[in-house]
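Comments concern the structure below.
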Amino acid sequence: MSITKENTVAEVVAQNMGADHVFSKYKIDFCCGGGATLEIACKESGVEFEVLKKEIETISNKISNTNY
């Protein structure tokens with residue numbers, strides 16, 4: 001999934017393992033507030049979109065590349 005400012009928080013959580021941890025770090029509600037776009041969520045939490053996107057992609061890649 002390509003993460004854009006137009007994606008909702010819920011979409012990103014559903015398709016990117018570990019995204020919930022990043023949202024929690026920045027106090028972004030991914031449950032009840034999951035309908036907000038990333039652009040709005042970033043503005044409300046004070047985090048830059050590119051920072052959030054990079055962290056989500058990094059953790060998601062680490063989790064998906066883990067060998068069990």
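In the structure tokens, each chain is lettered A, B, ... as it comes, each chain's residues begin at 1, and ligands are numbered from 1 in order of appearance.
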Give me the residues near region 7-11 of chain A as a PDB file with N, CA and C atoms, in the first residue's frame, where near means some atom within 6 Å (using only C-alpha atoms) and where sequence neighbours in that chain fewer than 4 positions away do not count.
ATOM      1  N   PHE A  30      -6.606   5.606  16.332  1.00  0.00           N
ATOM      2  CA  PHE A  30      -6.808   4.751  15.161  1.00  0.00           C
ATOM      3  C   PHE A  30      -8.036   3.868  15.309  1.00  0.00           C
ATOM      4  N   GLY A  34     -10.507   6.664  13.502  1.00  0.00           N
ATOM      5  CA  GLY A  34      -9.904   6.069  12.312  1.00  0.00           C
ATOM      6  C   GLY A  34     -10.398   6.609  10.989  1.00  0.00           C
ATOM      7  N   GLY A  35     -11.486   7.355  10.997  1.00  0.00           N
ATOM      8  CA  GLY A  35     -12.022   7.906   9.760  1.00  0.00           C
ATOM      9  C   GLY A  35     -11.313   9.163   9.291  1.00  0.00           C
ATOM     10  N   ALA A  36     -10.454   9.720  10.133  1.00  0.00           N
ATOM     11  CA  ALA A  36      -9.724  10.939   9.762  1.00  0.00           C
ATOM     12  C   ALA A  36      -8.646  10.619   8.739  1.00  0.00           C
ATOM     13  N   THR A  37      -8.399  11.554   7.837  1.00  0.00           N
ATOM     14  CA  THR A  37      -7.301  11.362   6.892  1.00  0.00           C
ATOM     15  C   THR A  37      -5.974  11.558   7.621  1.00  0.00           C
ATOM     16  N   LEU A  38      -4.913  11.048   7.050  1.00  0.00           N
ATOM     17  CA  LEU A  38      -3.594  11.225   7.662  1.00  0.00           C
ATOM     18  C   LEU A  38      -3.218  12.700   7.721  1.00  0.00           C
TER      19      LEU A  38
END
For this session: Write out as an NGL selection string all residues of chain A that backbone DSSP assigns to helix (DSSP H, G or I).
Result: :A and (9-15 or 19-25 or 38-45 or 49-64)
Store the residues picked out above, limited to C-alpha atoms, as a PDB file, in the first residue's frame.
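Contents of the output file selection_4.pdb:
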ATOM      1  CA  VAL A   9      -5.968   6.267   9.682  1.00  0.00           C
ATOM      2  CA  ALA A  10      -8.127   3.111   9.678  1.00  0.00           C
ATOM      3  CA  GLU A  11      -6.992   2.160   6.152  1.00  0.00           C
ATOM      4  CA  VAL A  12      -3.346   2.466   7.114  1.00  0.00           C
ATOM      5  CA  VAL A  13      -3.765   0.427  10.314  1.00  0.00           C
ATOM      6  CA  ALA A  14      -5.639  -2.300   8.450  1.00  0.00           C
ATOM      7  CA  GLN A  15      -2.984  -2.681   5.768  1.00  0.00           C
ATOM      8  CA  ALA A  19       1.151   1.114  12.239  1.00  0.00           C
ATOM      9  CA  ASP A  20      -0.887   1.058  15.438  1.00  0.00           C
ATOM     10  CA  HIS A  21       2.323   1.475  17.447  1.00  0.00           C
ATOM     11  CA  VAL A  22       3.314   4.535  15.439  1.00  0.00           C
ATOM     12  CA  PHE A  23      -0.127   6.086  15.799  1.00  0.00           C
ATOM     13  CA  SER A  24      -0.049   5.427  19.549  1.00  0.00           C
ATOM     14  CA  LYS A  25       3.362   7.091  19.791  1.00  0.00           C
ATOM     15  CA  LEU A  38      -3.594  11.225   7.662  1.00  0.00           C
ATOM     16  CA  GLU A  39      -3.347  14.891   6.731  1.00  0.00           C
ATOM     17  CA  ILE A  40      -5.858  15.862   9.431  1.00  0.00           C
ATOM     18  CA  ALA A  41      -4.444  13.410  11.988  1.00  0.00           C
ATOM     19  CA  CYS A  42      -0.925  14.759  11.483  1.00  0.00           C
ATOM     20  CA  LYS A  43      -2.056  18.367  11.883  1.00  0.00           C
ATOM     21  CA  GLU A  44      -3.960  17.530  15.068  1.00  0.00           C
ATOM     22  CA  SER A  45      -1.053  15.599  16.592  1.00  0.00           C
ATOM     23  CA  PHE A  49       3.254  13.549   7.429  1.00  0.00           C
ATOM     24  CA  GLU A  50       6.589  12.422   5.947  1.00  0.00           C
ATOM     25  CA  VAL A  51       7.916  11.523   9.417  1.00  0.00           C
ATOM     26  CA  LEU A  52       4.809   9.478  10.201  1.00  0.00           C
ATOM     27  CA  LYS A  53       4.862   7.775   6.796  1.00  0.00           C
ATOM     28  CA  LYS A  54       8.534   6.806   7.100  1.00  0.00           C
ATOM     29  CA  GLU A  55       8.041   5.346  10.581  1.00  0.00           C
ATOM     30  CA  ILE A  56       5.025   3.300   9.479  1.00  0.00           C
ATOM     31  CA  GLU A  57       6.836   1.974   6.404  1.00  0.00           C
ATOM     32  CA  THR A  58       9.925   1.117   8.465  1.00  0.00           C
ATOM     33  CA  ILE A  59       8.077  -0.831  11.163  1.00  0.00           C
ATOM     34  CA  SER A  60       5.802  -2.527   8.648  1.00  0.00           C
ATOM     35  CA  ASN A  61       8.803  -3.673   6.578  1.00  0.00           C
ATOM     36  CA  LYS A  62      10.631  -4.972   9.663  1.00  0.00           C
ATOM     37  CA  ILE A  63       7.610  -6.988  10.772  1.00  0.00           C
ATOM     38  CA  SER A  64       6.891  -8.424   7.323  1.00  0.00           C
TER      39      SER A  64
END
For this session: Report the distance between CA of Cys32 (chain A) and CA of Thr4 (chain A) in Å, rounded to one decimal place.
Result: 20.3 Å
